[in-house]
Structures are given as structure tokens and as C-alpha cells.
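Asker: Take a look at upload-v6.txt, compact mmCIF, C-alpha atoms:
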```txt
# COMPACT_ATOMS: atom_id res chain seq x y z
CA MET Y 1 90.41 161.61 36.92
CA SER Y 2 89.83 165.30 36.31
CA SER Y 3 90.35 166.78 32.88
CA LEU Y 4 92.10 169.75 34.47
CA ALA Y 5 94.93 167.63 35.77
CA TYR Y 6 94.94 164.87 33.18
CA ALA Y 7 94.36 166.76 29.94
CA SER Y 8 97.90 165.76 28.98
CA ALA Y 9 98.82 162.72 31.07
CA GLN Y 10 102.02 160.75 30.75
CA LEU Y 11 102.26 156.96 30.94
CA HIS Y 12 104.49 155.37 33.59
CA GLY Y 13 105.77 151.84 34.21
CA ASN Y 14 102.71 149.81 35.10
CA GLY Y 15 100.28 151.89 33.06
CA GLN Y 16 99.36 154.41 35.72
CA THR Y 17 99.15 157.97 34.45
CA ARG Y 18 100.57 161.11 35.99
CA PRO Y 19 99.81 164.74 35.07
CA ASN Y 20 102.18 166.78 32.92
CA ARG Y 21 102.91 169.97 34.84
CA GLN Y 22 104.20 171.87 31.81
CA ASN Y 23 100.77 171.82 30.18
CA TYR Y 24 98.95 172.80 33.37
CA THR Y 25 98.66 176.52 32.57
CA GLN Y 26 94.97 177.23 32.93
CA SER Y 27 94.13 178.86 36.27
CA LEU Y 28 91.04 178.02 38.30
CA GLN Y 29 89.83 181.58 37.90
CA SER Y 30 89.47 181.10 34.16
CA ARG Y 31 87.09 178.19 34.83
CA PHE Y 32 84.42 180.12 36.66
CA HIS Y 33 82.60 180.43 33.35
CA MET Y 34 81.97 176.66 33.54
CA ILE Y 35 79.40 177.23 36.27
CA VAL Y 36 77.02 178.81 33.72
CA ASP Y 37 76.97 175.54 31.75
CA PRO Y 38 73.49 174.03 32.34
CA PHE Y 39 74.78 170.66 33.57
CA SER Y 40 77.45 172.28 35.75
CA LEU Y 41 74.96 174.79 37.11
CA LEU Y 42 72.58 171.96 37.94
CA LEU Y 43 75.36 170.18 39.80
CA VAL Y 44 76.06 173.24 41.94
CA LEU Y 45 72.38 173.90 42.64
CA LEU Y 46 71.79 170.29 43.67
CA GLY Y 47 74.80 170.31 45.99
CA PRO Y 48 72.91 171.29 49.19
CA PHE Y 49 70.07 168.83 48.48
CA VAL Y 50 72.55 166.03 47.80
CA GLY Y 51 74.25 166.93 51.07
CA SER Y 52 70.92 166.59 52.88
CA PHE Y 53 70.38 163.16 51.30
CA LEU Y 54 73.92 162.09 52.19
CA ALA Y 55 73.24 163.05 55.81
CA VAL Y 56 70.16 160.82 55.71
CA LEU Y 57 72.29 157.97 54.36
CA ALA Y 58 74.90 158.47 57.06
CA ASP Y 59 72.23 158.50 59.76
CA ARG Y 60 69.99 155.65 58.60
CA LEU Y 61 72.24 153.08 56.90
CA PRO Y 62 74.15 152.18 60.10
CA ARG Y 63 70.82 151.87 61.92
CA GLY Y 64 69.38 149.57 59.27
CA GLU Y 65 66.53 151.99 58.54
CA SER Y 66 64.93 152.62 55.15
CA VAL Y 67 66.44 155.56 53.30
CA VAL Y 68 63.52 156.02 50.89
CA LEU Y 69 60.31 154.91 52.61
CA ALA Y 70 60.65 156.44 56.08
CA ARG Y 71 59.79 160.14 56.39
CA SER Y 72 62.22 162.57 57.96
CA HIS Y 73 61.46 163.04 61.63
CA CYS Y 74 62.94 164.38 64.83
CA ARG Y 75 64.95 161.77 66.71
CA SER Y 76 63.76 163.19 70.04
CA CYS Y 77 60.00 163.70 69.65
CA HIS Y 78 59.54 161.56 66.50
CA PHE Y 79 57.31 164.15 64.81
CA ASP Y 80 57.44 164.10 61.00
CA LEU Y 81 59.19 167.22 59.75
CA PRO Y 82 57.29 169.50 57.32
CA PHE Y 83 58.84 170.52 54.02
CA ARG Y 84 59.88 173.94 55.32
CA ASP Y 85 62.12 172.19 57.84
CA LEU Y 86 63.83 170.12 55.14
CA ILE Y 87 65.31 172.93 53.04
CA PRO Y 88 69.09 172.35 53.19
CA ILE Y 89 71.18 174.84 55.20
CA TRP Y 90 68.37 177.43 55.26
CA SER Y 91 66.13 175.40 57.59
CA TYR Y 92 68.93 174.77 60.08
CA VAL Y 93 69.87 178.44 60.20
CA MET Y 94 66.26 179.65 60.51
CA ARG Y 95 65.47 177.14 63.26
CA ARG Y 96 68.82 177.89 64.96
CA GLY Y 97 69.60 174.21 65.04
CA LYS Y 98 66.47 173.32 67.05
CA CYS Y 99 63.42 171.15 66.39
CA ARG Y 100 60.31 173.33 66.01
CA PHE Y 101 58.20 170.80 67.96
CA CYS Y 102 60.28 169.86 71.00
CA GLY Y 103 63.22 172.26 70.86
CA ALA Y 104 65.79 169.45 70.82
CA SER Y 105 69.14 170.28 69.26
CA ILE Y 106 69.72 169.13 65.70
CA PRO Y 107 73.19 167.55 65.30
CA PRO Y 108 75.50 170.17 63.71
CA TRP Y 109 77.12 167.54 61.49
CA LEU Y 110 73.93 167.53 59.40
CA LEU Y 111 74.56 171.16 58.48
CA TYR Y 112 78.27 170.55 57.93
CA THR Y 113 77.48 167.69 55.54
CA GLU Y 114 75.19 169.91 53.45
CA ILE Y 115 77.81 172.67 53.30
CA ALA Y 116 80.59 170.22 52.45
CA ALA Y 117 78.54 168.60 49.67
CA THR Y 118 77.88 172.03 48.15
CA GLY Y 119 81.59 172.85 48.28
CA ILE Y 120 82.38 169.54 46.58
CA ALA Y 121 79.98 170.37 43.74
CA ILE Y 122 81.59 173.77 43.18
CA LEU Y 123 85.12 172.37 43.35
CA SER Y 124 84.29 169.58 40.90
CA VAL Y 125 82.93 172.09 38.38
CA LEU Y 126 86.01 174.29 38.70
CA ALA Y 127 88.30 171.29 38.29
CA ASN Y 128 86.76 169.99 35.06
CA SER Y 129 86.08 171.47 31.66
CA ASP Y 130 83.79 168.53 30.90
CA PRO Y 131 80.49 168.57 32.88
CA VAL Y 132 80.31 164.75 32.76
CA LEU Y 133 83.69 164.47 34.47
CA ALA Y 134 82.60 167.10 36.97
CA TRP Y 135 79.58 164.98 37.91
CA LEU Y 136 81.68 161.83 38.25
CA ASP Y 137 84.26 163.58 40.42
CA ALA Y 138 81.47 165.00 42.57
CA VAL Y 139 79.88 161.57 43.04
CA PHE Y 140 83.23 160.11 44.06
CA LEU Y 141 83.90 162.89 46.59
CA TRP Y 142 80.31 162.72 47.89
CA LEU Y 143 80.81 159.02 48.60
CA LEU Y 144 84.01 159.79 50.50
CA LEU Y 145 82.15 162.41 52.50
CA THR Y 146 79.31 160.03 53.40
CA LEU Y 147 81.65 157.23 54.42
CA ALA Y 148 83.68 159.62 56.56
CA VAL Y 149 80.55 160.91 58.30
CA THR Y 150 79.22 157.41 59.04
CA ASP Y 151 82.57 156.42 60.48
CA LEU Y 152 82.86 159.56 62.59
CA THR Y 153 79.32 159.36 63.96
CA ARG Y 154 78.62 155.62 64.10
CA PHE Y 155 81.98 153.83 63.62
CA ARG Y 156 80.47 152.08 60.61
CA LEU Y 157 81.40 151.83 56.93
CA PRO Y 158 78.31 150.39 55.19
CA ASP Y 159 78.96 147.71 52.57
CA LEU Y 160 76.58 149.43 50.15
CA LEU Y 161 78.65 152.62 50.13
CA ASN Y 162 81.93 150.70 49.89
CA GLY Y 163 80.60 148.79 46.90
CA ILE Y 164 79.43 151.92 45.09
CA LEU Y 165 82.78 153.60 45.80
CA LEU Y 166 84.61 150.69 44.15
CA ALA Y 167 82.33 150.83 41.10
CA VAL Y 168 82.82 154.59 40.69
CA ALA Y 169 86.60 154.29 41.12
CA MET Y 170 86.77 151.59 38.45
CA LEU Y 171 84.65 153.73 36.12
CA LEU Y 172 86.96 156.70 36.63
CA SER Y 173 89.95 154.53 35.76
CA LEU Y 174 88.42 153.79 32.34
CA LEU Y 175 87.96 157.43 31.36
CA PRO Y 176 90.51 159.43 29.34
CA GLY Y 177 93.30 160.41 31.70
CA GLY Y 178 92.34 157.70 34.18
CA ILE Y 179 94.90 155.33 35.65
CA GLY Y 180 93.52 152.43 33.62
CA PRO Y 181 91.60 149.32 34.73
CA GLU Y 182 94.75 147.23 35.25
CA ALA Y 183 96.32 149.73 37.65
CA ALA Y 184 92.98 150.23 39.41
CA LEU Y 185 92.53 146.48 39.91
CA ILE Y 186 96.09 146.07 41.19
CA GLY Y 187 95.60 148.98 43.57
CA ALA Y 188 92.34 147.49 44.87
CA LEU Y 189 93.94 144.08 45.45
CA ILE Y 190 96.97 145.57 47.20
CA GLY Y 191 94.76 147.80 49.36
CA VAL Y 192 92.45 145.01 50.48
CA GLY Y 193 95.23 142.44 50.84
CA SER Y 194 97.52 144.64 52.91
CA PHE Y 195 94.77 145.80 55.26
CA TRP Y 196 93.41 142.28 55.67
CA ALA Y 197 96.92 141.07 56.55
CA LEU Y 198 97.29 143.94 59.04
CA ARG Y 199 93.95 143.12 60.60
CA PHE Y 200 94.82 139.41 60.86
CA ALA Y 201 98.30 140.04 62.30
CA TYR Y 202 97.05 142.51 64.91
CA HIS Y 203 94.36 140.10 66.07
CA ARG Y 204 96.89 137.27 66.40
CA LEU Y 205 99.36 139.41 68.33
CA ARG Y 206 97.00 141.34 70.60
CA GLY Y 207 93.96 139.10 70.70
CA VAL Y 208 91.63 142.00 69.87
CA GLU Y 209 90.32 143.55 66.69
CA GLY Y 210 92.50 146.52 65.83
CA LEU Y 211 91.14 147.21 62.35
CA GLY Y 212 87.51 146.95 61.35
CA LEU Y 213 86.43 144.80 58.43
CA GLY Y 214 84.76 147.88 56.96
CA ASP Y 215 88.18 149.53 56.64
CA VAL Y 216 89.43 146.50 54.71
CA LYS Y 217 86.47 146.70 52.30
CA LEU Y 218 86.92 150.46 51.98
CA MET Y 219 90.45 149.91 50.66
CA ALA Y 220 89.04 148.21 47.55
CA GLY Y 221 87.57 151.49 46.31
CA LEU Y 222 90.41 153.66 47.59
CA GLY Y 223 93.03 151.34 46.13
CA ALA Y 224 91.26 151.38 42.76
CA PHE Y 225 91.25 155.18 42.88
CA ALA Y 226 94.87 155.61 43.95
CA GLY Y 227 96.47 152.78 42.01
CA PRO Y 228 99.65 151.03 43.13
CA LEU Y 229 101.87 154.09 42.71
CA ASP Y 230 99.85 156.50 44.85
CA LEU Y 231 98.50 154.03 47.38
CA PRO Y 232 101.47 154.42 49.78
CA LEU Y 233 100.94 158.20 49.83
CA LEU Y 234 97.23 157.76 50.58
CA VAL Y 235 97.95 155.42 53.50
CA LEU Y 236 100.68 157.72 54.82
CA LEU Y 237 98.38 160.73 54.78
CA ALA Y 238 95.67 158.72 56.51
CA ALA Y 239 98.09 157.47 59.17
CA LEU Y 240 99.37 160.98 59.92
CA SER Y 241 95.87 162.44 60.16
CA GLY Y 242 94.70 159.48 62.25
CA LEU Y 243 97.63 159.95 64.63
CA ALA Y 244 96.88 163.66 64.94
CA GLY Y 245 93.21 162.92 65.59
CA GLY Y 246 94.09 160.32 68.20
CA LEU Y 247 96.32 162.77 70.05
CA ILE Y 248 93.57 165.39 70.01
CA PHE Y 249 91.05 162.88 71.41
CA HIS Y 250 93.57 161.88 74.06
CA LEU Y 251 94.23 165.45 75.15
CA THR Y 252 90.57 166.47 75.17
CA GLY Y 253 89.58 163.31 77.05
CA ARG Y 254 92.11 163.67 79.85
CA ALA Y 255 89.59 165.47 82.04
CA ARG Y 256 87.25 162.48 81.93
CA SER Y 257 88.05 159.81 84.47
CA ASP Y 258 86.26 157.15 82.41
CA ALA Y 259 88.15 157.90 79.18
CA PRO Y 260 90.00 154.76 78.02
CA PRO Y 261 93.74 154.87 77.27
CA LEU Y 262 94.73 156.03 73.81
CA GLY Y 263 95.88 152.56 72.77
CA LYS Y 264 92.49 151.05 73.66
CA ARG Y 265 90.28 153.79 72.27
CA ALA Y 266 88.37 153.21 69.03
CA LEU Y 267 89.32 155.72 66.36
CA PRO Y 268 87.51 156.27 63.03
CA PHE Y 269 90.43 155.39 60.75
CA GLY Y 270 88.06 155.01 57.81
CA ALA Y 271 87.37 158.74 57.99
CA SER Y 272 91.12 159.38 57.84
CA LEU Y 273 91.40 157.17 54.76
CA CYS Y 274 88.55 159.02 53.03
CA GLY Y 275 90.10 162.37 53.89
CA ALA Y 276 93.45 161.20 52.52
CA ALA Y 277 91.77 160.12 49.26
CA ALA Y 278 90.18 163.57 48.94
CA VAL Y 279 93.59 165.19 49.49
CA LEU Y 280 95.10 162.92 46.82
CA TRP Y 281 92.32 163.92 44.43
CA PHE Y 282 93.10 167.58 45.08
CA LEU Y 283 96.85 167.06 44.60
CA ARG Y 284 96.17 165.43 41.25
CA VAL Y 285 93.82 168.22 40.19
CA MET Y 286 96.36 170.87 41.08
CA ALA Y 287 99.17 168.80 39.50
CA TRP Y 288 101.14 169.08 42.74
CA TRP Y 289 101.79 165.35 42.87
CA PRO Y 290 104.28 164.18 40.18
```
Show me this structure written as C-alpha cells.
Answerer:
Amino acid sequence: MSSLAYASAQLHGNGQTRPNRQNYTQSLQSRFHMIVDPFSLLLVLLGPFVGSFLAVLADRLPRGESVVLARSHCRSCHFDLPFRDLIPIWSYVMRRGKCRFCGASIPPWLLYTEIAATGIAILSVLANSDPVLAWLDAVFLWLLLTLAVTDLTRFRLPDLLNGILLAVAMLLSLLPGGIGPEAALIGALIGVGSFWALRFAYHRLRGVEGLGLGDVKLMAGLGAFAGPLDLPLLVLLAALSGLAGGLIFHLTGRARSDAPPLGKRALPFGASLCGAAAVLWFLRVMAWWP
């Protein structure tokens, strides 16, 4: 994955690579000079605009709306937004999160997505000495961000995004320091197969759908990224974060009389899986995972 963590990777059993901690001596502070590289600088500068586009994807794909042809407009009054209201981060702050035409509140997650995408761009540059690898890492993390947002806001994991995630994960496996195409393919098959079996078994036992088909498809890309060795860690992290999120929803929903029981409440587990994949990426970059 990242040249910072995999500059000197070691080969294990099934071909999956792991970082060599002894050669991980270069601090992140020494990599700030990478931001002045033209391609890396471009990545950082485009971060907020990419975040704005990702927010559009997360909002329109689950609705079945065109991402390219339809102009940006207010969901409340349906007025087309002028260019000055489309500047990432700045427009939201200047308008105080309100539509200039009707005064309706703009969902805060749009701003959070733009900020998160910018942070991803900066982190990817700091984690890679090669600008090409920085761009690839950023694209991968941006996809995780978009999928997490769509799941959190709409309980959907669009097939288009899942397919692109799988393609990017397979590409990363082919690069120097990657886990290799064989390990990526095995990880994808194990991820999809195990989650499909879990979905099938839960439906047979409980008679209801406990795991969305989008989560099963998501595991193709996440399995290809993690590989068979790290896939159990990814699922464990996702399960722990999903459990914590479920408990929070349960506690905050206790005041509502119409809130369903925790066991019958839909939870965005796909977002937990994406978050776990981002944590795994960070552990690999920092060489904290053997």
C-alpha cells in the first residue's frame, strides 16, 4: 500500500506482505517537504473540492439522481445554487449552514465530508514519498469515506462505489509493497463468502434480513485490501465499533417512545466496515500492525 510502510516489506506464508519495523525510521515530520511537490500539492488543494463532489455522490446515488447533469440546488426550495455557494467549506461557514434563498439548514455532514476529504489528501501525501502512491491511497480512502457517508445517511451502499473500491484495491495489490493479486483475490472471496453465509444463516434462523446485500458486496473490495491475514482484524474492529455505535443509539433513543428495540434497529454496519478499513490502512502506514 503506502511506500512509507512498505518500503521494505517481508513476504509471509501465502504471499501477503507485512512491513519491516526496523527500517521504519523516517518520521512524518520529515515528510512535510513532500507537500511542495507539484502533484502532491495539487492533491492537497483538490481535497476540499473532491470532498464536495463526494458529498454529491453520497446524496444523489442512493436517490438515483444524475451526478453530472443535474445542477446543485437546495433540497428545500429547489433553487439552483450560484457558484459562490459551492465553494467547499468556505461557503458553508459564510452562510452559517443556511440556504441564502429560503434559510433552510444545510446538513452538517456535507461540511464534515469536505473537511474529511481534505484531511485524507494531507495524510496520504505525508504517508507516501511517491506522489502516485499518495493519489492512489487518497482515492481508496475517499471511496471509504463516500461509502460510509451513504450508509450513515441513507442506509445504502451503491454498487458503483463498491465496484470501484474493488478495482482500486486490486490495483493497490499489484504495486510494489502490495499484498499481491493472489492474496487480494483470496481475501475478496473470503470476505464475500463469509458475509453471504452470515446473511443467509441469519435469514433462515430469524426470518428477517440481518445483513444487507450491499455489505456483502462491500466485502469484495475490503477483503481485497486486507487480504486473508488481516481480514479477521478488519471485521473485529468493525464489530467493536458497530457494537459501540449501537449502544450509543440505544441510549440516546431511550427518551423516544417510538424507538425500536436495539435488536430490531437498523444499524449502518457498512460504515463500521469502512472505518475499520481506514484504521487498518493507518496501522499499516505507521507499521503498528506486524
Asker: Would you mind telling me which residue in Y:Gly51, Y:His73, Y:Pro62, Y:Gly180 lies nearest to Asp159 (chain Y) when using only C-alpha atoms?
Answerer: Y:Pro62
Asker: Skip region 230-234 of chain Y itself and residues of its chain fewer than 5 positions away, then list as a list in words all residues within 7 Å of it, counting all atoms listed in the file.
Answerer: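 With the cut-off at 7 Å, the set is Gly187, Gly223, Ala276, Ala277 and Leu280 of chain Y.
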Asker: One decimal, Å: what's the distance from CA of Arg75 (chain Y) over to CA of Leu143 (chain Y), could you say?
Answerer: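 Separation between CA of Arg75 (chain Y) and CA of Leu143 (chain Y): 24.2 Å.
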Asker: Within 8 Å of (80.7, 157.6, 55.1) in the file's own coordinates, which protein, DNA or RNA residues have an atom, counting all atoms listed in the file? List them as a list in words.
Answerer: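 Residues found, by chain and rising number: Ala58, Leu143, Leu144, Leu145, Thr146, Leu147, Ala148, Val149, Thr150, Asp151, Arg156, Leu157, Pro158, Leu161 and Ala271 of chain Y.
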Asker: Could you work out how far CA of Pro107 (chain Y) lies from CA of Phe49 (chain Y), giving the answer in Å with one decimal?
Answerer: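 Separating CA of Phe49 (chain Y) from CA of Pro107 (chain Y) is a distance of 17.2 Å.
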Asker: Pick out the closest residue to Ser76 (chain Y) from this set: Y:Asn128, Y:Ser52, Y:Ser105, Y:Ser272. Count only C-alpha atoms.
Answerer: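 The closest residue to Ser76 (chain Y) is Y:Ser105.
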Asker: Between CA of Gly178 (chain Y) and CA of Ala220 (chain Y), what distance in Å does the model show, to one decimal?
Answerer: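 That distance, rounded to one decimal, is 16.7 Å.
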Asker: Using only C-alpha atoms for the distances, tell me which of Y:Leu126, Y:Leu211, Y:Val68, Y:Leu218 is nearest to Asn162 (chain Y).
Answerer: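 The closest residue to Asn162 (chain Y) is Y:Leu218.
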Asker: Around (69.2, 161.1, 58.9), as given in the file, which residues come within 9 Å? Count only C-alpha atoms and list them as an NGL selection string.
Answerer: :Y and (52-61 or 67 or 72-73 or 75 or 110)
Asker: List as a ChimeraX atom specification the protein and nucleic acid residues near Leu174 (chain Y), meaning an atom at most 10 Å away when all atoms listed in the file are counted, but skip any in the same chain fewer than 6 places from it.
Answerer: /Y:1,180-182,184
Asker: Have a look at Y:Cys77, Y:Ala127, Y:Leu45, Y:Leu133 and name the one nearest to Val285 (chain Y); count all atoms listed in the file.
Answerer: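 Smallest separation from Val285 (chain Y) among the options: Y:Ala127.
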Asker: Given the choices Y:Pro82, Y:Gly214, Y:Gly191, Y:Pro48, which gets closest to Pro228 (chain Y) if the distance is worked out from only C-alpha atoms?
Answerer: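 Comparing Y:Pro82, Y:Gly214, Y:Gly191, Y:Pro48 against Pro228 (chain Y), the winner is Y:Gly191.
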Asker: Please provide the set of residues having any atom within 8 Å of Ile89 (chain Y), restricted to only C-alpha atoms, with same-chain residues fewer than 5 positions apart removed, written as a PyMOL selection string.
Answerer: chain Y and resi 48+111+114-115
Asker: Using all atoms listed in the file for the distances, tell me which of Y:Leu81, Y:Val50, Y:Ala70, Y:Leu267 is nearest to Ala138 (chain Y).
Answerer: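 Looking at the shortest contact to Ala138 (chain Y), the residue is Y:Val50.
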Asker: Determine, counting only C-alpha atoms, which protein, DNA and RNA residues have an atom within 8 Å of an atom of Asp215 (chain Y); residues of the same chain fewer than 2 positions away are not included. Present the result as a compact mmCIF listing (two decimals) with C-alpha atoms, in the frame of the given file.
Answerer:
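Here's the written file around.txt:
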```txt
# COMPACT_ATOMS: atom_id res chain seq x y z
CA LEU Y 157 81.40 151.83 56.93
CA PHE Y 195 94.77 145.80 55.26
CA LEU Y 211 91.14 147.21 62.35
CA GLY Y 212 87.51 146.95 61.35
CA LEU Y 213 86.43 144.80 58.43
CA LYS Y 217 86.47 146.70 52.30
CA LEU Y 218 86.92 150.46 51.98
CA MET Y 219 90.45 149.91 50.66
CA PHE Y 269 90.43 155.39 60.75
CA GLY Y 270 88.06 155.01 57.81
```
Asker: Adding 3 Å on each side of the box along x, y and z that holds all listed atoms of region 37-52 of chain Y, could you give its centre and edge lengths in Å to one decimal, as JSON?
Answerer:
```
{"center_x": 73.8, "center_y": 170.8, "center_z": 42.3, "size_x": 13.4, "size_y": 15.5, "size_z": 27.1}
```
Asker: Output region 44-56 of chain Y as a compact mmCIF listing (two decimals), in the frame of the given file, making sure N, CA, C and O atoms are there.
Answerer:
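part_20.txt, written as the output of this step:
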```txt
# COMPACT_ATOMS: atom_id res chain seq x y z
N VAL Y 44 75.86 172.32 40.82
CA VAL Y 44 76.06 173.24 41.94
C VAL Y 44 74.76 173.46 42.71
O VAL Y 44 74.74 173.46 43.95
N LEU Y 45 73.66 173.65 41.98
CA LEU Y 45 72.38 173.90 42.64
C LEU Y 45 71.89 172.69 43.45
O LEU Y 45 71.22 172.84 44.48
N LEU Y 46 72.21 171.50 42.96
CA LEU Y 46 71.79 170.29 43.67
C LEU Y 46 72.70 169.95 44.85
O LEU Y 46 72.34 169.09 45.66
N GLY Y 47 73.84 170.61 44.94
CA GLY Y 47 74.80 170.31 45.99
C GLY Y 47 74.21 170.27 47.39
O GLY Y 47 74.38 169.27 48.12
N PRO Y 48 73.47 171.32 47.83
CA PRO Y 48 72.91 171.29 49.19
C PRO Y 48 71.90 170.16 49.39
O PRO Y 48 71.85 169.54 50.46
N PHE Y 49 71.08 169.88 48.36
CA PHE Y 49 70.07 168.83 48.48
C PHE Y 49 70.73 167.44 48.52
O PHE Y 49 70.27 166.55 49.24
N VAL Y 50 71.79 167.28 47.72
CA VAL Y 50 72.55 166.03 47.80
C VAL Y 50 73.16 165.88 49.18
O VAL Y 50 73.15 164.79 49.76
N GLY Y 51 73.68 166.99 49.73
CA GLY Y 51 74.25 166.93 51.07
C GLY Y 51 73.22 166.50 52.11
O GLY Y 51 73.53 165.73 53.03
N SER Y 52 71.99 167.00 51.98
CA SER Y 52 70.92 166.59 52.88
C SER Y 52 70.63 165.10 52.75
O SER Y 52 70.43 164.40 53.75
N PHE Y 53 70.61 164.59 51.52
CA PHE Y 53 70.38 163.16 51.30
C PHE Y 53 71.54 162.33 51.85
O PHE Y 53 71.32 161.25 52.43
N LEU Y 54 72.76 162.81 51.67
CA LEU Y 54 73.92 162.09 52.19
C LEU Y 54 73.86 162.00 53.71
O LEU Y 54 74.26 160.99 54.31
N ALA Y 55 73.39 163.07 54.35
CA ALA Y 55 73.24 163.05 55.81
C ALA Y 55 72.22 162.00 56.23
O ALA Y 55 72.40 161.32 57.25
N VAL Y 56 71.15 161.86 55.43
CA VAL Y 56 70.16 160.82 55.71
C VAL Y 56 70.79 159.43 55.58
O VAL Y 56 70.57 158.54 56.42
```
